[in-house]
Number of protein chains: 2
Amino acid sequence: MEIPQKEDILKRFPQFEQTLLDEILAHSTIRHVEEGEEVMRTGQYIRSTVLLLSGLLKVYREDDEGNEFLMYYLEPGSACALSMMCTARNEQSQIMAKAVTESEVILIPSHLSEQWLAKYKSWHNFVIASYRQRFEELLQTLDSIAFKGLDERLLFYLKRHVKVSGKEIRLSHQQIALELNSSREVISRLLKKLEQTGAITLHRNYIEVHDLEVV
Amino acid sequence: MEIPQKEDILKRFPQFEQTLLDEILAHSTIRHVEEGEEVMRTGQYIRSTVLLLSGLLKVYREDDEGNEFLMYYLEPGSACALSMMCTARNEQSQIMAKAVTESEVILIPSHLSEQWLAKYKSWHNFVIASYRQRFEELLQTLDSIAFKGLDERLLFYLKRHVKVSGKEIRLSHQQIALELNSSREVISRLLKKLEQTGAITLHRNYIEVHDLEVV
DNA sequence: TTCCAAGTGTGATAATAGTCACTGCCAGCC
DNA sequence: GGCTGGCAGTGACTATTATCACACTTGGAA
């Protein structure tokens, strides 16, 4: 795999000013992560700001009993807001980021990203915008958990998944159950119901989405 | 009620630099809100940044059917992060802020608070810190909804309430049920159980908290 | 080719939370 | 003092989701 060049970064982050791009290239490291690999976990020692160059990350919460649930996905061109804001936390639950597909991330040392806030207007705006966007997404997730039944949450989940990775959802029922903090049997049953409405077709290890809006 | 002076603001926001305080005094309005009055609602036309000078606000989510649930409380010296970050939203659910007790808020026109981000380092830091803090709190709320049963959520709720307004919780079971998006009967039963453990004593319209940690 | 592990389907049962119906209770007001 | 409205307590029932037990399928490894 070739090393990403300035042009690649520029393409993903066109809003950054020239000098900022130079600094990024000079001081940050690029890391290649395999599918399923862990990118970040709160409470870690070294803290870097994480920018996503290519691939797809999922950011989720995990409690002390190993339950998880999905917070949101990160697409190329976005930053993990949490990597910028999390202080050392000794809570029971952790925020984790894991690669959904093979990905490339830019790791920026925290002290630099802090400095840049004052130094580069485009960086400042980017950080503020990231916070806003993640906050919004988190609120949506919160909504669906607080107000909706599992059936609607599943629908919300599927829609979100389609948005980031297309109409062929390559997940087992077990994985979906995990991300929704539910159980496989329940998800299987709900998916079956969805199939009966014609919204999806079930296959082994993947789901073919036709139209989720009609449901 | 006397008009708050520079000293009052300074006391609540000691981290602000002198010139910023002057700008705040010059360009923002102070509003007095009664208990139960609505301070903010997303989707409103005029957008201001809201700082809390005195009193207590609760920030909560409300869906289209009138269900709500509490996101967090705001204490004097803090800002409503949402007022700083919410773009016009036409979602079904809204974020609301309401005064729990009689309060005073500072309303800063949005365009100024935007400008100040670049102009005043202390303002910039304050905004970033607010985002972080609210994000953290929101995550805690999310955790309790996603991973815990209603009994633990109630406990979490009571603890939080004690932290902001003391051991005499002046709320009816109905109000608590509303904030947890549950129903009165269920809350009554859970409270009764808590009373049996000795953690609280129930009275009409208020709850006396002894020790929530032992449960 | 056979076999096995992982994925999926399904019924029975349990646990949690929400709803309904009704009772009693207390506080302030006439 | 007696009425009344909001608050609280309780039992019965329902709905949703989780859990358990087991059968069946499928795709790839041995």
# chains A, B, ... in the order shown; residues from 1 in each chain; ligands from 1

$ closest_atom_pairs --of "chain C" --to "segment 5-28 of chain D" --cutoff "9 Å" --atoms "only C-alpha atoms (C1' of nucleotides)" --output "tab-separated table"
residue	atom	partner	partner_atom	distance
C:DG7	C1'	D:DT26	C1'	8.3
C:DT8	C1'	D:DT25	C1'	7.6
C:DG9	C1'	D:DC24	C1'	7.8
C:DT10	C1'	D:DA23	C1'	8.8
C:DA12	C1'	D:DC20	C1'	8.6
C:DT13	C1'	D:DC20	C1'	8.1
C:DA14	C1'	D:DT19	C1'	7.4
C:DA15	C1'	D:DA18	C1'	7.6
C:DT16	C1'	D:DT17	C1'	8.3
C:DA17	C1'	D:DT16	C1'	8.4
C:DG18	C1'	D:DA15	C1'	7.8
C:DT19	C1'	D:DT14	C1'	7.5
C:DC20	C1'	D:DC13	C1'	8.1
C:DT23	C1'	D:DG9	C1'	8.3
C:DG24	C1'	D:DG9	C1'	8.2
C:DC25	C1'	D:DA8	C1'	7.9
C:DC26	C1'	D:DC7	C1'	8.4

$ interface_residues --of "chain B" --to "chain D" --cutoff "12 Å" --atoms "only C-alpha atoms (C1' of nucleotides)" --output "ChimeraX atom specification"
/B:171-175,184-192,202-206

$ residues_around --residues "Val39 of chain A" --least-positions-apart "4" --cutoff "8 Å" --atoms "only C-alpha atoms (C1' of nucleotides)" --output "MDAnalysis selection string"
chainID A and resid 33 96:99

$ closest_atom_pairs --of "chain A" --to "chain B" --cutoff "10 Å" --atoms "only C-alpha atoms" --output "Markdown table"
| residue | atom | partner | partner_atom | distance |
| --- | --- | --- | --- | --- |
| A:Arg61 | CA | B:Asp143 | CA | 8.0 |
| A:Glu62 | CA | B:Asp143 | CA | 9.0 |
| A:Asp63 | CA | B:Phe147 | CA | 7.6 |
| A:Asp64 | CA | B:Phe147 | CA | 10.0 |
| A:Glu65 | CA | B:Phe147 | CA | 9.6 |
| A:Asn67 | CA | B:Phe147 | CA | 7.6 |
| A:Glu68 | CA | B:Phe147 | CA | 8.5 |
| A:Phe69 | CA | B:Ala146 | CA | 7.7 |
| A:Met71 | CA | B:Leu142 | CA | 9.6 |
| A:Ala81 | CA | B:Arg132 | CA | 9.4 |
| A:Leu82 | CA | B:Arg132 | CA | 8.6 |
| A:Met84 | CA | B:Arg132 | CA | 8.9 |
| A:Met85 | CA | B:Arg132 | CA | 5.7 |
| A:Cys86 | CA | B:Arg132 | CA | 7.4 |
| A:Thr87 | CA | B:Arg132 | CA | 9.1 |
| A:Arg89 | CA | B:Glu136 | CA | 9.9 |
| A:Glu91 | CA | B:Gln140 | CA | 9.5 |
| A:Gln92 | CA | B:Asp143 | CA | 9.9 |
| A:Ser93 | CA | B:Asp143 | CA | 7.8 |
| A:Gln94 | CA | B:Asp143 | CA | 9.9 |
| A:Ile95 | CA | B:Leu139 | CA | 9.4 |
| A:Leu117 | CA | B:His124 | CA | 9.1 |
| A:Ala118 | CA | B:Ala118 | CA | 7.6 |
| A:Lys119 | CA | B:Ala118 | CA | 9.9 |
| A:Lys121 | CA | B:Ala118 | CA | 7.9 |
| A:His124 | CA | B:Ala118 | CA | 8.8 |
| A:Asn125 | CA | B:Leu117 | CA | 9.8 |
| A:Val127 | CA | B:Ile128 | CA | 9.3 |
| A:Ile128 | CA | B:Ile128 | CA | 7.9 |
| A:Ala129 | CA | B:Met85 | CA | 8.5 |
| A:Tyr131 | CA | B:Tyr131 | CA | 7.2 |
| A:Arg132 | CA | B:Met85 | CA | 5.7 |
| A:Gln133 | CA | B:Met85 | CA | 8.8 |
| A:Arg134 | CA | B:Phe135 | CA | 9.2 |
| A:Phe135 | CA | B:Phe135 | CA | 7.0 |
| A:Glu136 | CA | B:Cys86 | CA | 8.2 |
| A:Leu138 | CA | B:Leu138 | CA | 8.3 |
| A:Leu139 | CA | B:Leu138 | CA | 8.4 |
| A:Gln140 | CA | B:Ser93 | CA | 9.1 |
| A:Thr141 | CA | B:Leu142 | CA | 8.7 |
| A:Leu142 | CA | B:Leu142 | CA | 6.2 |
| A:Asp143 | CA | B:Ser93 | CA | 7.9 |
| A:Ile145 | CA | B:Ala146 | CA | 6.9 |
| A:Ala146 | CA | B:Ile145 | CA | 6.9 |
| A:Phe147 | CA | B:Asp63 | CA | 7.6 |
| A:Leu180 | CA | B:Ala146 | CA | 9.0 |
| A:Asn181 | CA | B:Ala146 | CA | 7.6 |

$ write_last_selection --atoms "N, CA and C atoms" --output "compact mmCIF listing (two decimals), in the first residue's frame"
# COMPACT_ATOMS: atom_id res chain seq x y z
N ARG A 61 -20.08 2.40 22.33
CA ARG A 61 -19.92 2.39 23.76
C ARG A 61 -19.88 0.95 24.22
N GLU A 62 -19.06 0.69 25.22
CA GLU A 62 -19.00 -0.67 25.75
C GLU A 62 -19.03 -0.60 27.26
N ASP A 63 -19.90 -1.35 27.89
CA ASP A 63 -19.94 -1.30 29.34
C ASP A 63 -19.13 -2.43 29.95
N ASP A 64 -19.12 -2.49 31.26
CA ASP A 64 -18.22 -3.43 31.95
C ASP A 64 -18.58 -4.89 31.72
N GLU A 65 -19.81 -5.14 31.27
CA GLU A 65 -20.19 -6.54 31.03
C GLU A 65 -20.04 -6.94 29.56
N ASN A 67 -21.40 -5.47 27.04
CA ASN A 67 -22.47 -5.00 26.17
C ASN A 67 -21.96 -3.81 25.39
N GLU A 68 -22.42 -3.68 24.16
CA GLU A 68 -22.07 -2.49 23.43
C GLU A 68 -23.31 -1.86 22.82
N PHE A 69 -23.16 -0.67 22.32
CA PHE A 69 -24.12 -0.17 21.35
C PHE A 69 -23.49 0.93 20.53
N MET A 71 -22.75 4.19 18.54
CA MET A 71 -23.04 5.62 18.64
C MET A 71 -23.21 6.21 17.24
N ALA A 81 -14.44 13.10 17.16
CA ALA A 81 -14.57 14.21 18.10
C ALA A 81 -14.09 13.79 19.48
N LEU A 82 -14.31 12.55 19.79
CA LEU A 82 -13.97 12.08 21.12
C LEU A 82 -12.49 12.10 21.36
N MET A 84 -10.64 14.15 20.50
CA MET A 84 -10.23 15.53 20.79
C MET A 84 -10.72 15.99 22.15
N MET A 85 -11.66 15.27 22.72
CA MET A 85 -12.26 15.85 23.91
C MET A 85 -12.17 14.98 25.14
N CYS A 86 -11.80 13.74 24.97
CA CYS A 86 -11.86 12.90 26.14
C CYS A 86 -10.64 13.04 27.01
N THR A 87 -10.91 13.38 28.22
CA THR A 87 -9.87 13.41 29.22
C THR A 87 -9.77 11.98 29.72
N ARG A 89 -10.59 8.98 31.57
CA ARG A 89 -11.85 8.66 32.20
C ARG A 89 -11.71 7.32 32.90
N GLU A 91 -14.34 5.57 34.00
CA GLU A 91 -15.71 5.14 34.16
C GLU A 91 -15.78 3.66 33.87
N GLN A 92 -16.94 3.13 34.13
CA GLN A 92 -17.12 1.72 33.84
C GLN A 92 -17.22 1.48 32.34
N SER A 93 -17.83 2.44 31.63
CA SER A 93 -17.98 2.17 30.20
C SER A 93 -17.01 3.00 29.40
N GLN A 94 -16.71 2.49 28.26
CA GLN A 94 -15.69 3.10 27.43
C GLN A 94 -16.23 3.39 26.06
N ILE A 95 -15.58 4.34 25.43
CA ILE A 95 -15.90 4.60 24.04
C ILE A 95 -14.82 3.95 23.20
N LEU A 117 -5.65 25.00 17.19
CA LEU A 117 -6.95 25.65 17.40
C LEU A 117 -6.82 27.16 17.32
N ALA A 118 -5.75 27.65 17.94
CA ALA A 118 -5.55 29.10 17.93
C ALA A 118 -4.86 29.55 16.65
N LYS A 119 -4.04 28.69 16.13
CA LYS A 119 -3.17 29.06 15.02
C LYS A 119 -3.85 29.05 13.65
N LYS A 121 -7.34 29.01 11.57
CA LYS A 121 -8.78 29.23 11.58
C LYS A 121 -9.52 28.01 11.02
N HIS A 124 -9.67 25.29 13.58
CA HIS A 124 -10.64 25.68 14.60
C HIS A 124 -12.06 25.38 14.13
N ASN A 125 -12.38 25.85 12.94
CA ASN A 125 -13.72 25.62 12.41
C ASN A 125 -14.02 24.15 12.25
N VAL A 127 -12.81 21.69 13.98
CA VAL A 127 -13.04 21.07 15.28
C VAL A 127 -14.42 21.40 15.82
N ILE A 128 -14.76 22.67 15.74
CA ILE A 128 -16.09 23.08 16.21
C ILE A 128 -17.17 22.36 15.41
N ALA A 129 -17.01 22.30 14.12
CA ALA A 129 -18.00 21.65 13.28
C ALA A 129 -18.11 20.16 13.62
N TYR A 131 -17.49 18.72 16.51
CA TYR A 131 -18.23 18.61 17.77
C TYR A 131 -19.72 18.69 17.51
N ARG A 132 -20.12 19.68 16.77
CA ARG A 132 -21.54 19.88 16.51
C ARG A 132 -22.16 18.67 15.85
N GLN A 133 -21.47 18.21 14.85
CA GLN A 133 -22.02 17.10 14.07
C GLN A 133 -22.17 15.84 14.91
N ARG A 134 -21.15 15.54 15.70
CA ARG A 134 -21.21 14.34 16.53
C ARG A 134 -22.28 14.47 17.60
N PHE A 135 -22.38 15.67 18.12
CA PHE A 135 -23.41 15.92 19.12
C PHE A 135 -24.79 15.63 18.54
N GLU A 136 -25.00 16.12 17.36
CA GLU A 136 -26.26 15.88 16.67
C GLU A 136 -26.54 14.40 16.49
N LEU A 138 -25.27 11.93 18.11
CA LEU A 138 -25.46 11.29 19.39
C LEU A 138 -26.88 11.51 19.88
N LEU A 139 -27.39 12.69 19.64
CA LEU A 139 -28.76 12.99 20.05
C LEU A 139 -29.75 12.12 19.30
N GLN A 140 -29.48 11.90 18.05
CA GLN A 140 -30.37 11.03 17.27
C GLN A 140 -30.37 9.61 17.81
N THR A 141 -29.17 9.15 18.14
CA THR A 141 -29.06 7.82 18.72
C THR A 141 -29.84 7.75 20.04
N LEU A 142 -29.63 8.78 20.83
CA LEU A 142 -30.30 8.87 22.12
C LEU A 142 -31.81 8.82 21.94
N ASP A 143 -32.31 9.61 21.03
CA ASP A 143 -33.72 9.61 20.71
C ASP A 143 -34.25 8.23 20.44
N ILE A 145 -33.14 5.39 21.18
CA ILE A 145 -33.16 4.49 22.32
C ILE A 145 -34.24 4.86 23.32
N ALA A 146 -34.38 6.17 23.51
CA ALA A 146 -35.28 6.62 24.57
C ALA A 146 -36.75 6.49 24.19
N PHE A 147 -37.06 6.79 22.96
CA PHE A 147 -38.45 6.91 22.58
C PHE A 147 -39.00 5.77 21.73
N LEU A 180 -26.97 -3.19 18.74
CA LEU A 180 -28.19 -2.59 19.28
C LEU A 180 -28.39 -2.99 20.73
N ASN A 181 -27.43 -3.71 21.26
CA ASN A 181 -27.53 -4.22 22.61
C ASN A 181 -28.82 -5.00 22.82

$ select_by_dssp --residues "segment 21-191 of chain A" --states "alpha helix (DSSP H)" --output "PyMOL selection string"
chain A and resi 21-27+81-85+110-119+121-147+150-165+173-179+184-191

$ closest_residue --among "B:Gly149, B:Gly166, B:Gly77, B:Gly198" --to "chain C" --atoms "only C-alpha atoms (C1' of nucleotides)"
B:Gly149

$ atom_distance --atom1 "atom CA of Leu155 of chain B" --atom2 "atom CA of Leu52 of chain B"
26.5 Å

$ residues_around --residues "segment 22-27 of chain A" --least-positions-apart "2" --cutoff "9 Å" --atoms "only C-alpha atoms (C1' of nucleotides)" --output "list of chain:residue names"
A:Gln5, A:Lys6, A:Ile9, A:Glu17, A:Gln18, A:Thr19, A:Leu20, A:Thr29, A:Ile106, A:Ile108, A:Pro109, A:Leu112

$ atom_distance --atom1 "atom CA of Gln15 of chain A" --atom2 "atom CA of Leu56 of chain A"
20.4 Å

$ select_by_dssp --residues "segment 101-213 of chain A" --states "strand (DSSP E or B)" --output "ChimeraX atom specification"
/A:101-109,168-169,200-203,206-209

$ atom_distance --atom1 "atom CA of Leu10 of chain A" --atom2 "atom CA of Glu114 of chain A"
20.7 Å

$ closest_residue --among "B:Glu102, B:Glu34, B:Asp151, B:Asp211" --to "chain C" --atoms "only C-alpha atoms (C1' of nucleotides)"
B:Asp151
